file coords.json (JSON, C-alpha atoms)
[["chain", "number", "residue", "atom", "x", "y", "z"],
["U", 1, "MET", "CA", -30.38, -50.80, 7.53],
["U", 2, "ALA", "CA", -28.62, -53.25, 5.19],
["U", 3, "ARG", "CA", -24.95, -52.76, 4.40],
["U", 4, "HIS", "CA", -24.18, -51.58, 0.88],
["U", 5, "TRP", "CA", -23.19, -54.34, -1.53],
["U", 6, "ALA", "CA", -19.75, -52.75, -2.00],
["U", 7, "GLU", "CA", -19.05, -53.23, 1.70],
["U", 8, "LEU", "CA", -19.54, -56.98, 1.52],
["U", 9, "GLY", "CA", -16.17, -57.65, -0.11],
["U", 10, "GLU", "CA", -17.16, -59.09, -3.48],
["U", 11, "SER", "CA", -13.88, -60.80, -4.23],
["U", 12, "THR", "CA", -11.85, -61.07, -7.40],
["U", 13, "PHE", "CA", -8.64, -62.86, -6.36],
["U", 14, "VAL", "CA", -6.18, -61.93, -9.06],
["U", 15, "GLY", "CA", -3.57, -64.60, -8.33],
["U", 16, "GLY", "CA", -6.05, -67.45, -7.95],
["U", 17, "THR", "CA", -8.03, -66.42, -11.00],
["U", 18, "TRP", "CA", -4.87, -66.24, -13.06],
["U", 19, "LEU", "CA", -3.80, -69.69, -11.86],
["U", 20, "LEU", "CA", -7.11, -71.27, -12.84],
["U", 21, "TYR", "CA", -6.95, -69.56, -16.22],
["U", 22, "GLY", "CA", -3.55, -71.17, -16.70],
["U", 23, "VAL", "CA", -4.99, -74.58, -15.82],
["U", 24, "HIS", "CA", -7.61, -74.13, -18.51],
["U", 25, "ARG", "CA", -5.07, -73.06, -21.12],
["U", 26, "VAL", "CA", -2.90, -76.13, -20.53],
["U", 27, "PHE", "CA", -5.45, -78.83, -19.72],
["U", 28, "GLY", "CA", -8.84, -77.62, -20.90],
["U", 29, "ARG", "CA", -12.29, -77.03, -19.40],
["U", 30, "TRP", "CA", -12.80, -80.23, -17.40],
["U", 31, "PRO", "CA", -9.49, -80.12, -15.48],
["U", 32, "PHE", "CA", -10.31, -76.46, -14.80],
["U", 33, "ARG", "CA", -13.66, -77.55, -13.34],
["U", 34, "LEU", "CA", -12.01, -80.18, -11.17],
["U", 35, "CYS", "CA", -9.79, -77.48, -9.65],
["U", 36, "LEU", "CA", -12.72, -75.10, -9.40],
["U", 37, "TYR", "CA", -15.19, -77.33, -7.54],
["U", 38, "PRO", "CA", -13.43, -77.42, -4.15],
["U", 39, "VAL", "CA", -12.74, -73.68, -4.33],
["U", 40, "VAL", "CA", -16.37, -72.83, -5.02],
["U", 41, "LEU", "CA", -17.63, -75.27, -2.41],
["U", 42, "ALA", "CA", -15.37, -73.75, 0.23],
["U", 43, "TYR", "CA", -16.48, -70.24, -0.66],
["U", 44, "TRP", "CA", -20.16, -71.27, -0.65],
["U", 45, "LEU", "CA", -19.82, -72.87, 2.78],
["U", 46, "GLY", "CA", -17.91, -69.91, 4.22],
["U", 47, "SER", "CA", -20.13, -67.13, 2.80],
["U", 48, "PRO", "CA", -23.50, -67.20, 4.59],
["U", 49, "VAL", "CA", -24.57, -63.76, 3.30],
["U", 50, "ALA", "CA", -23.91, -64.70, -0.32],
["U", 51, "ARG", "CA", -25.49, -68.12, 0.18],
["U", 52, "ARG", "CA", -28.69, -66.64, 1.64],
["U", 53, "ALA", "CA", -28.83, -64.04, -1.12],
["U", 54, "SER", "CA", -28.55, -66.75, -3.75],
["U", 55, "LEU", "CA", -31.38, -68.76, -2.21],
["U", 56, "GLU", "CA", -33.56, -65.66, -1.84],
["U", 57, "TYR", "CA", -33.15, -64.81, -5.51],
["U", 58, "LEU", "CA", -33.72, -68.36, -6.76],
["U", 59, "ARG", "CA", -36.82, -68.84, -4.62],
["U", 60, "ARG", "CA", -38.32, -65.50, -5.61],
["U", 61, "LEU", "CA", -37.73, -66.31, -9.28],
["U", 62, "HIS", "CA", -39.43, -69.68, -8.70],
["U", 63, "ALA", "CA", -42.44, -68.02, -7.03],
["U", 64, "HIS", "CA", -42.67, -65.35, -9.73],
["U", 65, "SER", "CA", -42.23, -67.74, -12.68],
["U", 66, "PRO", "CA", -43.44, -71.27, -11.81],
["U", 67, "GLY", "CA", -41.91, -73.86, -14.10],
["U", 68, "VAL", "CA", -38.41, -72.42, -14.20],
["U", 69, "PHE", "CA", -37.40, -75.00, -11.56],
["U", 70, "ALA", "CA", -38.90, -78.42, -10.92],
["U", 71, "GLY", "CA", -39.52, -77.49, -7.28],
["U", 72, "GLU", "CA", -38.54, -74.86, -4.74],
["U", 73, "PRO", "CA", -34.78, -74.23, -5.08],
["U", 74, "GLY", "CA", -32.58, -75.43, -2.24],
["U", 75, "TRP", "CA", -28.90, -75.83, -1.49],
["U", 76, "ARG", "CA", -28.18, -77.81, -4.68],
["U", 77, "GLN", "CA", -29.55, -75.05, -6.88],
["U", 78, "SER", "CA", -27.68, -72.41, -4.87],
["U", 79, "LEU", "CA", -24.40, -74.29, -5.23],
["U", 80, "ARG", "CA", -25.00, -74.59, -8.97],
["U", 81, "HIS", "CA", -25.62, -70.83, -9.01],
["U", 82, "PHE", "CA", -22.12, -70.28, -7.59],
["U", 83, "PHE", "CA", -20.53, -72.70, -10.06],
["U", 84, "VAL", "CA", -22.12, -70.91, -13.01],
["U", 85, "PHE", "CA", -20.74, -67.62, -11.70],
["U", 86, "ALA", "CA", -17.25, -69.08, -11.34],
["U", 87, "GLU", "CA", -17.24, -70.52, -14.86],
["U", 88, "THR", "CA", -18.43, -67.17, -16.18],
["U", 89, "LEU", "CA", -15.31, -65.57, -14.70],
["U", 90, "LEU", "CA", -13.24, -67.90, -16.87],
["U", 91, "ASP", "CA", -15.28, -66.99, -19.95],
["U", 92, "LYS", "CA", -14.68, -63.30, -19.24],
["U", 93, "MET", "CA", -10.94, -63.92, -19.34],
["U", 94, "LEU", "CA", -11.14, -66.13, -22.43],
["U", 95, "ALA", "CA", -13.15, -63.44, -24.19],
["U", 96, "ILE", "CA", -10.71, -60.64, -23.34],
["U", 97, "GLY", "CA", -7.76, -62.85, -24.28],
["U", 98, "GLY", "CA", -9.33, -63.57, -27.67],
["U", 99, "ARG", "CA", -9.74, -67.26, -26.86],
["U", 100, "TYR", "CA", -13.51, -67.61, -26.62],
["U", 101, "PRO", "CA", -14.90, -69.32, -29.76],
["U", 102, "ARG", "CA", -16.81, -66.78, -31.81],
["U", 103, "GLU", "CA", -19.18, -69.40, -33.15],
["U", 104, "ARG", "CA", -20.53, -70.04, -29.65],
["U", 105, "VAL", "CA", -22.08, -66.57, -29.40],
["U", 106, "ARG", "CA", -25.51, -66.02, -30.95],
["U", 107, "PHE", "CA", -26.86, -62.48, -31.49],
["U", 108, "THR", "CA", -30.44, -61.24, -31.54],
["U", 109, "GLY", "CA", -31.54, -57.68, -32.26],
["U", 110, "TYR", "CA", -28.16, -56.01, -32.80],
["U", 111, "GLU", "CA", -28.86, -54.64, -36.31],
["U", 112, "PRO", "CA", -30.67, -51.38, -35.29],
["U", 113, "MET", "CA", -27.97, -50.50, -32.76],
["U", 114, "LEU", "CA", -25.23, -51.19, -35.30],
["U", 115, "ALA", "CA", -27.02, -49.01, -37.84],
["U", 116, "GLY", "CA", -27.14, -46.17, -35.31],
["U", 117, "ALA", "CA", -23.42, -46.52, -34.59],
["U", 118, "ARG", "CA", -22.58, -46.34, -38.29],
["U", 119, "ALA", "CA", -24.66, -43.16, -38.50],
["U", 120, "GLY", "CA", -22.67, -41.65, -35.62],
["U", 121, "GLN", "CA", -25.40, -42.15, -33.01],
["U", 122, "GLY", "CA", -24.12, -43.69, -29.79],
["U", 123, "GLY", "CA", -26.18, -44.34, -26.72],
["U", 124, "ILE", "CA", -26.58, -45.83, -23.30],
["U", 125, "ILE", "CA", -26.73, -49.59, -22.86],
["U", 126, "ALA", "CA", -28.52, -50.59, -19.68],
["U", 127, "THR", "CA", -27.41, -54.04, -18.66],
["U", 128, "ALA", "CA", -27.26, -56.14, -15.51],
["U", 129, "HIS", "CA", -24.95, -58.50, -13.66],
["U", 130, "MET", "CA", -26.16, -61.33, -15.85],
["U", 131, "GLY", "CA", -23.92, -63.67, -17.79],
["U", 132, "CYS", "CA", -20.76, -62.42, -19.51],
["U", 133, "LEU", "CA", -20.93, -58.73, -20.40],
["U", 134, "GLU", "CA", -17.17, -58.61, -21.13],
["U", 135, "LEU", "CA", -17.79, -61.06, -23.96],
["U", 136, "MET", "CA", -20.09, -58.47, -25.50],
["U", 137, "GLN", "CA", -17.42, -55.80, -25.28],
["U", 138, "VAL", "CA", -15.07, -58.00, -27.27],
["U", 139, "ALA", "CA", -17.84, -59.06, -29.64],
["U", 140, "ALA", "CA", -18.40, -55.41, -30.46],
["U", 141, "GLY", "CA", -15.10, -55.58, -32.30],
["U", 142, "TRP", "CA", -16.58, -58.30, -34.50],
["U", 143, "ARG", "CA", -19.20, -55.80, -35.67],
["U", 144, "GLU", "CA", -17.40, -53.06, -37.61],
["U", 145, "GLY", "CA", -18.12, -49.58, -36.27],
["U", 146, "LEU", "CA", -19.42, -50.69, -32.86],
["U", 147, "ALA", "CA", -17.52, -49.52, -29.76],
["U", 148, "VAL", "CA", -18.65, -50.31, -26.22],
["U", 149, "SER", "CA", -17.18, -49.26, -22.87],
["U", 150, "ILE", "CA", -18.39, -50.66, -19.56],
["U", 151, "LEU", "CA", -19.01, -48.27, -16.68],
["U", 152, "VAL", "CA", -18.62, -49.92, -13.27],
["U", 153, "HIS", "CA", -18.93, -48.77, -9.67],
["U", 154, "THR", "CA", -16.61, -51.27, -8.05],
["U", 155, "ALA", "CA", -12.97, -50.66, -7.06],
["U", 156, "HIS", "CA", -12.26, -54.27, -8.04],
["U", 157, "ALA", "CA", -12.18, -53.03, -11.65],
["U", 158, "ARG", "CA", -8.55, -52.04, -11.03],
["U", 159, "ARG", "CA", -7.67, -55.61, -10.10],
["U", 160, "PHE", "CA", -9.49, -57.11, -13.07],
["U", 161, "ASN", "CA", -7.91, -54.54, -15.42],
["U", 162, "ARG", "CA", -4.49, -55.85, -14.38],
["U", 163, "ILE", "CA", -5.56, -59.31, -15.50],
["U", 164, "LEU", "CA", -6.82, -57.92, -18.80],
["U", 165, "GLU", "CA", -3.50, -56.18, -19.46],
["U", 166, "ARG", "CA", -1.66, -59.46, -18.96],
["U", 167, "LEU", "CA", -4.09, -61.29, -21.25],
["U", 168, "ASP", "CA", -3.73, -58.82, -24.11],
["U", 169, "PRO", "CA", -1.89, -55.51, -23.45],
["U", 170, "GLY", "CA", -2.97, -54.13, -26.83],
["U", 171, "ALA", "CA", -6.61, -55.07, -26.66],
["U", 172, "GLY", "CA", -7.83, -51.69, -25.44],
["U", 173, "VAL", "CA", -10.55, -53.40, -23.45],
["U", 174, "ARG", "CA", -11.12, -51.58, -20.17],
["U", 175, "LEU", "CA", -13.68, -51.17, -17.46],
["U", 176, "LEU", "CA", -14.34, -47.51, -16.66],
["U", 177, "GLN", "CA", -14.42, -47.12, -12.89],
["U", 178, "VAL", "CA", -16.53, -44.37, -11.31],
["U", 179, "THR", "CA", -17.90, -43.71, -7.84],
["U", 180, "ASP", "CA", -20.87, -41.60, -8.95],
["U", 181, "PHE", "CA", -22.51, -40.05, -12.00],
["U", 182, "SER", "CA", -21.33, -36.47, -11.47],
["U", 183, "PRO", "CA", -21.64, -33.66, -14.03],
["U", 184, "ALA", "CA", -17.94, -34.13, -14.81],
["U", 185, "THR", "CA", -18.54, -37.80, -15.58],
["U", 186, "ALA", "CA", -21.48, -36.88, -17.79],
["U", 187, "MET", "CA", -19.33, -34.48, -19.81],
["U", 188, "ILE", "CA", -16.68, -37.14, -20.43],
["U", 189, "LEU", "CA", -19.26, -39.69, -21.51],
["U", 190, "ALA", "CA", -21.10, -37.15, -23.68],
["U", 191, "ASP", "CA", -18.03, -36.87, -25.90],
["U", 192, "ARG", "CA", -17.92, -40.63, -26.31],
["U", 193, "VAL", "CA", -21.61, -40.94, -27.17],
["U", 194, "ALA", "CA", -21.33, -38.04, -29.63],
["U", 195, "ALA", "CA", -18.58, -40.00, -31.37],
["U", 196, "GLY", "CA", -20.91, -42.98, -31.80],
["U", 197, "GLU", "CA", -19.74, -44.98, -28.80],
["U", 198, "PHE", "CA", -22.04, -46.92, -26.48],
["U", 199, "ILE", "CA", -21.68, -46.74, -22.71],
["U", 200, "ALA", "CA", -22.84, -49.84, -20.85],
["U", 201, "ILE", "CA", -24.14, -49.20, -17.34],
["U", 202, "ALA", "CA", -25.44, -51.83, -14.92],
["U", 203, "GLY", "CA", -28.98, -51.03, -13.87],
["U", 204, "ASP", "CA", -29.24, -53.58, -11.07],
["U", 205, "ARG", "CA", -26.87, -52.26, -8.38],
["U", 206, "ILE", "CA", -27.31, -49.03, -6.48],
["U", 207, "PRO", "CA", -24.19, -46.81, -6.50],
["U", 208, "VAL", "CA", -21.59, -46.61, -3.79],
["U", 209, "SER", "CA", -22.66, -43.06, -2.92],
["U", 210, "GLY", "CA", -24.27, -39.93, -4.17],
["U", 211, "GLU", "CA", -26.49, -41.13, -7.00],
["U", 212, "ARG", "CA", -30.26, -41.15, -7.37],
["U", 213, "THR", "CA", -32.24, -44.34, -7.01],
["U", 214, "ALA", "CA", -35.56, -45.53, -8.36],
["U", 215, "ARG", "CA", -38.07, -48.02, -7.00],
["U", 216, "ALA", "CA", -39.53, -50.91, -8.99],
["U", 217, "ASP", "CA", -41.10, -54.31, -8.53],
["U", 218, "PHE", "CA", -38.67, -57.13, -9.30],
["U", 219, "LEU", "CA", -39.78, -60.75, -9.05],
["U", 220, "GLY", "CA", -42.82, -59.72, -7.04],
["U", 221, "HIS", "CA", -41.02, -57.58, -4.45],
["U", 222, "PRO", "CA", -40.07, -53.87, -4.35],
["U", 223, "ALA", "CA", -36.40, -53.15, -4.97],
["U", 224, "ASP", "CA", -34.18, -50.07, -5.15],
["U", 225, "LEU", "CA", -32.45, -49.70, -8.50],
["U", 226, "PRO", "CA", -29.99, -47.07, -9.73],
["U", 227, "ALA", "CA", -31.41, -44.14, -11.66],
["U", 228, "GLY", "CA", -28.02, -43.50, -13.29],
["U", 229, "PRO", "CA", -28.73, -45.04, -16.72],
["U", 230, "TRP", "CA", -31.93, -43.02, -17.16],
["U", 231, "LEU", "CA", -30.45, -39.79, -15.80],
["U", 232, "MET", "CA", -27.44, -40.18, -18.07],
["U", 233, "ALA", "CA", -29.64, -40.81, -21.11],
["U", 234, "ALA", "CA", -31.75, -37.76, -20.26],
["U", 235, "VAL", "CA", -28.66, -35.56, -20.00],
["U", 236, "LEU", "CA", -27.10, -36.91, -23.19],
["U", 237, "ARG", "CA", -30.43, -37.01, -25.08],
["U", 238, "CYS", "CA", -29.53, -40.37, -26.61],
["U", 239, "PRO", "CA", -31.23, -43.75, -27.10],
["U", 240, "VAL", "CA", -31.24, -46.41, -24.40],
["U", 241, "TRP", "CA", -30.69, -50.05, -25.28],
["U", 242, "LEU", "CA", -31.03, -53.19, -23.17],
["U", 243, "LEU", "CA", -28.34, -55.85, -23.43],
["U", 244, "SER", "CA", -27.94, -59.29, -21.93],
["U", 245, "CYS", "CA", -25.41, -62.01, -22.71],
["U", 246, "GLN", "CA", -26.47, -65.23, -21.01],
["U", 247, "HIS", "CA", -25.65, -68.91, -21.20],
["U", 248, "ALA", "CA", -27.41, -70.83, -23.95],
["U", 249, "GLY", "CA", -26.35, -74.43, -24.52],
["U", 250, "GLU", "CA", -22.57, -74.60, -24.85],
["U", 251, "GLY", "CA", -22.25, -70.88, -25.50],
["U", 252, "TYR", "CA", -24.03, -67.56, -25.00],
["U", 253, "HIS", "CA", -27.01, -65.73, -26.44],
["U", 254, "ALA", "CA", -26.65, -61.95, -26.74],
["U", 255, "HIS", "CA", -30.06, -60.25, -26.74],
["U", 256, "ILE", "CA", -30.34, -56.54, -27.63],
["U", 257, "GLU", "CA", -33.46, -54.36, -27.72],
["U", 258, "GLN", "CA", -34.23, -50.66, -27.53],
["U", 259, "LEU", "CA", -35.92, -49.34, -24.40],
["U", 260, "ALA", "CA", -36.35, -45.73, -25.51],
["U", 261, "GLU", "CA", -35.35, -43.48, -28.40],
["U", 262, "LYS", "CA", -34.99, -40.61, -25.95],
["U", 263, "VAL", "CA", -35.50, -40.28, -22.19],
["U", 264, "GLU", "CA", -37.48, -37.32, -20.93],
["U", 265, "LEU", "CA", -37.97, -36.56, -17.23],
["U", 266, "PRO", "CA", -40.92, -34.15, -16.90],
["U", 267, "ARG", "CA", -40.49, -31.32, -14.44],
["U", 268, "GLY", "CA", -42.56, -32.07, -11.36],
["U", 269, "ALA", "CA", -42.78, -35.80, -12.12],
["U", 270, "ARG", "CA", -39.14, -36.81, -12.48],
["U", 271, "GLN", "CA", -39.15, -39.45, -9.78],
["U", 272, "GLU", "CA", -42.27, -41.05, -11.25],
["U", 273, "ALA", "CA", -40.59, -41.17, -14.65],
["U", 274, "LEU", "CA", -37.45, -42.71, -13.15],
["U", 275, "ASP", "CA", -39.51, -45.33, -11.34],
["U", 276, "ALA", "CA", -41.37, -46.18, -14.54],
["U", 277, "LEU", "CA", -38.13, -46.69, -16.47],
["U", 278, "ALA", "CA", -36.73, -48.82, -13.65],
["U", 279, "GLY", "CA", -39.95, -50.84, -13.76],
["U", 280, "HIS", "CA", -39.50, -51.58, -17.47],
["U", 281, "PHE", "CA", -35.91, -52.57, -16.78],
["U", 282, "ALA", "CA", -36.96, -54.91, -13.94],
["U", 283, "GLU", "CA", -39.55, -56.57, -16.19],
["U", 284, "TRP", "CA", -36.89, -57.08, -18.83],
["U", 285, "MET", "CA", -34.51, -58.65, -16.28],
["U", 286, "ALA", "CA", -37.22, -61.03, -15.09],
["U", 287, "ALA", "CA", -37.96, -62.10, -18.66],
["U", 288, "ARG", "CA", -34.32, -62.75, -19.45],
["U", 289, "LEU", "CA", -33.77, -64.70, -16.21],
["U", 290, "ARG", "CA", -36.66, -67.02, -16.94],
["U", 291, "ASP", "CA", -34.57, -68.28, -19.86],
["U", 292, "SER", "CA", -31.32, -68.55, -17.88],
["U", 293, "PRO", "CA", -32.06, -68.57, -14.13],
["U", 294, "TYR", "CA", -28.52, -69.14, -12.86],
["U", 295, "ASP", "CA", -27.08, -66.16, -14.70],
["U", 296, "TRP", "CA", -27.83, -63.38, -12.19],
["U", 297, "PHE", "CA", -24.79, -62.58, -10.03],
["U", 298, "ASN", "CA", -25.86, -60.32, -7.15],
["U", 299, "PHE", "CA", -24.75, -62.23, -4.06],
["U", 300, "TYR", "CA", -25.89, -59.72, -1.46],
["U", 301, "PRO", "CA", -29.28, -58.85, 0.14],
["U", 302, "PHE", "CA", -30.63, -57.27, -3.03],
["U", 303, "TRP", "CA", -34.14, -56.47, -1.79],
["U", 304, "LYS", "CA", -33.07, -54.76, 1.45],
["U", 305, "PRO", "CA", -34.03, -51.05, 1.37],
["U", 306, "SER", "CA", -31.16, -48.66, 0.69],
["U", 307, "ASP", "CA", -30.48, -45.42, 2.54],
["U", 308, "HIS", "CA", -30.08, -43.44, -0.70],
["U", 309, "GLY", "CA", -32.38, -40.46, -1.29],
["U", 310, "ARG", "CA", -35.06, -40.59, -3.93],
["U", 311, "SER", "CA", -36.11, -37.03, -4.67],
["U", 312, "HIS", "CA", -33.89, -34.34, -3.21],
["U", 313, "ASP", "CA", -30.80, -34.49, -5.38],
["U", 314, "ILE", "CA", -31.80, -34.94, -9.01],
["U", 315, "PRO", "CA", -29.34, -32.83, -11.00],
["U", 316, "PRO", "CA", -30.94, -29.83, -12.73],
["U", 317, "ALA", "CA", -29.36, -30.94, -16.00],
["U", 318, "THR", "CA", -31.84, -33.85, -16.18],
["U", 319, "ALA", "CA", -34.78, -31.55, -16.78],
["U", 320, "GLY", "CA", -36.33, -32.23, -20.17]]
call {"tool": "encode", "arguments": {"input": "coords.json", "output": "structure tokens"}}
result
Amino acid sequence: MARHWAELGESTFVGGTWLLYGVHRVFGRWPFRLCLYPVVLAYWLGSPVARRASLEYLRRLHAHSPGVFAGEPGWRQSLRHFFVFAETLLDKMLAIGGRYPRERVRFTGYEPMLAGARAGQGGIIATAHMGCLELMQVAAGWREGLAVSILVHTAHARRFNRILERLDPGAGVRLLQVTDFSPATAMILADRVAAGEFIAIAGDRIPVSGERTARADFLGHPADLPAGPWLMAAVLRCPVWLLSCQHAGEGYHAHIEQLAEKVELPRGARQEALDALAGHFAEWMAARLRDSPYDWFNFYPFWKPSDHGRSHDIPPATAG
């Protein structure tokens, strides 16, 4: 059985990241890249699991959507994949520090969600490890009345939060760290959604422990996906939105669309309903990645089966 992604040591090196951010502030983007290249190359060479995962993803995207790449992706495309990820880390910090140019972010489809927020209707935002989600959290402040918090599973959120505090102690931008979607977590988030806030949850990484999973086809192969976003929406009886913020030219394109006005999990067919929702989410991811293929940042064996249960522990509160 494959190791869980959280056990693979996805690294956010606070000191090194802060140093490179300082290089960018003083010298600009190109000197930052010159410092970044040897670091990324060394990591790529010394991380066989991440390197194989990158190639697996790129080649499956190529097979699923011919024309995205000129030919079958190889080591050059994989190395570029890592560079895009590294530059995105810088953009996360620039966004939180208020230094990312607003004019480089283009929005599509945000009006209905903004209207709901102004009417006091929050919701769940299902997103993925694509592009720069933190930029969207800051951009929410550009749209009056829109508040977004990001729910994450990884303990590295504590490290990144320390960086955010140094960038702007008064920004109020935080990642909400959880280990599972327990009833207590649901109650806390219910208050936020009732106040018109949106909770962003990644739908492309299974939880560290304890949460339901769903099964869906992604890029032509079955994959385990978290059921958390759909379970949470069913409990909170709120809309579910899909959000991506991916590279487009010299900036980013934020794409927002509604997946469901309300999630219902029929008694006796809950797992089937969860799988169907995960399937819609996987189709959405594939569509978004056709436009920006290097923007998916899951550097672990994504398609390996998980050892999470699929039917025995759905909380009773998710009944319709």
call {"tool": "atom_distance", "arguments": {"input": "coords.json", "atom1": "atom CA of U:Glu250", "atom2": "atom CA of U:Pro101"}}
result
10.5 Å
call {"tool": "atom_distance", "arguments": {"input": "coords.json", "atom1": "atom CA of U:Trp303", "atom2": "atom CA of U:Gly71"}}
result
22.4 Å
call {"tool": "closest_atom_pairs", "arguments": {"input": "coords.json", "of": "stretch 197-312 of chain U", "to": "stretch 120-138 of chain U", "cutoff": "9 Å", "atoms": "all atoms listed in the file", "output": "Markdown table"}}
result
| residue | atom | partner | partner_atom | distance |
| --- | --- | --- | --- | --- |
| U:Glu197 | CA | U:Gly122 | CA | 4.7 |
| U:Phe198 | CA | U:Gly123 | CA | 4.9 |
| U:Ile199 | CA | U:Ile124 | CA | 5.0 |
| U:Ala200 | CA | U:Ile125 | CA | 4.4 |
| U:Ile201 | CA | U:Ala126 | CA | 5.2 |
| U:Ala202 | CA | U:Ala128 | CA | 4.7 |
| U:Gly203 | CA | U:Ala128 | CA | 5.6 |
| U:Asp204 | CA | U:Ala128 | CA | 5.5 |
| U:Arg205 | CA | U:Ala128 | CA | 8.1 |
| U:Pro229 | CA | U:Ala126 | CA | 6.3 |
| U:Trp230 | CA | U:Ile124 | CA | 8.6 |
| U:Met232 | CA | U:Ile124 | CA | 7.7 |
| U:Ala233 | CA | U:Ile124 | CA | 6.3 |
| U:Leu236 | CA | U:Gly123 | CA | 8.3 |
| U:Arg237 | CA | U:Gly123 | CA | 8.6 |
| U:Cys238 | CA | U:Gly123 | CA | 5.2 |
| U:Pro239 | CA | U:Gly123 | CA | 5.1 |
| U:Val240 | CA | U:Ile124 | CA | 4.8 |
| U:Trp241 | CA | U:Ile125 | CA | 4.7 |
| U:Leu242 | CA | U:Ala126 | CA | 5.0 |
| U:Leu243 | CA | U:Thr127 | CA | 5.2 |
| U:Ser244 | CA | U:Thr127 | CA | 6.2 |
| U:Cys245 | CA | U:Gly131 | CA | 5.4 |
| U:Gln246 | CA | U:Gly131 | CA | 4.4 |
| U:His247 | CA | U:Gly131 | CA | 6.5 |
| U:Tyr252 | CA | U:Gly131 | CA | 8.2 |
| U:Ala254 | CA | U:Met136 | CA | 7.5 |
| U:Gln258 | CA | U:Ile125 | CA | 8.9 |
| U:Leu259 | CA | U:Ala126 | CA | 8.9 |
| U:Phe281 | CA | U:Ala126 | CA | 8.2 |
| U:Met285 | CA | U:Ala128 | CA | 7.7 |
| U:Leu289 | CA | U:Met130 | CA | 8.3 |
| U:Ser292 | CA | U:Gly131 | CA | 8.9 |
| U:Tyr294 | CA | U:Gly131 | CA | 8.7 |
| U:Asp295 | CA | U:Met130 | CA | 5.0 |
| U:Trp296 | CA | U:Met130 | CA | 4.5 |
| U:Phe297 | CA | U:His129 | CA | 5.5 |
| U:Asn298 | CA | U:His129 | CA | 6.8 |
call {"tool": "write_last_selection", "arguments": {"input": "coords.json", "atoms": "C-alpha atoms", "output": "PDB file, in the coordinates of the input"}}
result
ATOM      1  CA  GLU U 197     -19.740 -44.980 -28.800  1.00  0.00           C
ATOM      2  CA  PHE U 198     -22.040 -46.920 -26.480  1.00  0.00           C
ATOM      3  CA  ILE U 199     -21.680 -46.740 -22.710  1.00  0.00           C
ATOM      4  CA  ALA U 200     -22.840 -49.840 -20.850  1.00  0.00           C
ATOM      5  CA  ILE U 201     -24.140 -49.200 -17.340  1.00  0.00           C
ATOM      6  CA  ALA U 202     -25.440 -51.830 -14.920  1.00  0.00           C
ATOM      7  CA  GLY U 203     -28.980 -51.030 -13.870  1.00  0.00           C
ATOM      8  CA  ASP U 204     -29.240 -53.580 -11.070  1.00  0.00           C
ATOM      9  CA  ARG U 205     -26.870 -52.260  -8.380  1.00  0.00           C
ATOM     10  CA  PRO U 229     -28.730 -45.040 -16.720  1.00  0.00           C
ATOM     11  CA  TRP U 230     -31.930 -43.020 -17.160  1.00  0.00           C
ATOM     12  CA  MET U 232     -27.440 -40.180 -18.070  1.00  0.00           C
ATOM     13  CA  ALA U 233     -29.640 -40.810 -21.110  1.00  0.00           C
ATOM     14  CA  LEU U 236     -27.100 -36.910 -23.190  1.00  0.00           C
ATOM     15  CA  ARG U 237     -30.430 -37.010 -25.080  1.00  0.00           C
ATOM     16  CA  CYS U 238     -29.530 -40.370 -26.610  1.00  0.00           C
ATOM     17  CA  PRO U 239     -31.230 -43.750 -27.100  1.00  0.00           C
ATOM     18  CA  VAL U 240     -31.240 -46.410 -24.400  1.00  0.00           C
ATOM     19  CA  TRP U 241     -30.690 -50.050 -25.280  1.00  0.00           C
ATOM     20  CA  LEU U 242     -31.030 -53.190 -23.170  1.00  0.00           C
ATOM     21  CA  LEU U 243     -28.340 -55.850 -23.430  1.00  0.00           C
ATOM     22  CA  SER U 244     -27.940 -59.290 -21.930  1.00  0.00           C
ATOM     23  CA  CYS U 245     -25.410 -62.010 -22.710  1.00  0.00           C
ATOM     24  CA  GLN U 246     -26.470 -65.230 -21.010  1.00  0.00           C
ATOM     25  CA  HIS U 247     -25.650 -68.910 -21.200  1.00  0.00           C
ATOM     26  CA  TYR U 252     -24.030 -67.560 -25.000  1.00  0.00           C
ATOM     27  CA  ALA U 254     -26.650 -61.950 -26.740  1.00  0.00           C
ATOM     28  CA  GLN U 258     -34.230 -50.660 -27.530  1.00  0.00           C
ATOM     29  CA  LEU U 259     -35.920 -49.340 -24.400  1.00  0.00           C
ATOM     30  CA  PHE U 281     -35.910 -52.570 -16.780  1.00  0.00           C
ATOM     31  CA  MET U 285     -34.510 -58.650 -16.280  1.00  0.00           C
ATOM     32  CA  LEU U 289     -33.770 -64.700 -16.210  1.00  0.00           C
ATOM     33  CA  SER U 292     -31.320 -68.550 -17.880  1.00  0.00           C
ATOM     34  CA  TYR U 294     -28.520 -69.140 -12.860  1.00  0.00           C
ATOM     35  CA  ASP U 295     -27.080 -66.160 -14.700  1.00  0.00           C
ATOM     36  CA  TRP U 296     -27.830 -63.380 -12.190  1.00  0.00           C
ATOM     37  CA  PHE U 297     -24.790 -62.580 -10.030  1.00  0.00           C
ATOM     38  CA  ASN U 298     -25.860 -60.320  -7.150  1.00  0.00           C
TER      39      ASN U 298
END
call {"tool": "closest_residue", "arguments": {"input": "coords.json", "among": "U:His255, U:His221, U:Arg270, U:Arg215", "to": "U:Glu56", "atoms": "all atoms listed in the file"}}
result
U:His221
call {"tool": "atom_distance", "arguments": {"input": "coords.json", "atom1": "atom CA of U:Ala214", "atom2": "atom CA of U:Pro293"}}
result
24.0 Å
call {"tool": "closest_residue", "arguments": {"input": "coords.json", "among": "U:Arg51, U:Arg60, U:Arg99, U:Lys262", "to": "U:His81", "atoms": "all atoms listed in the file"}}
result
U:Arg51
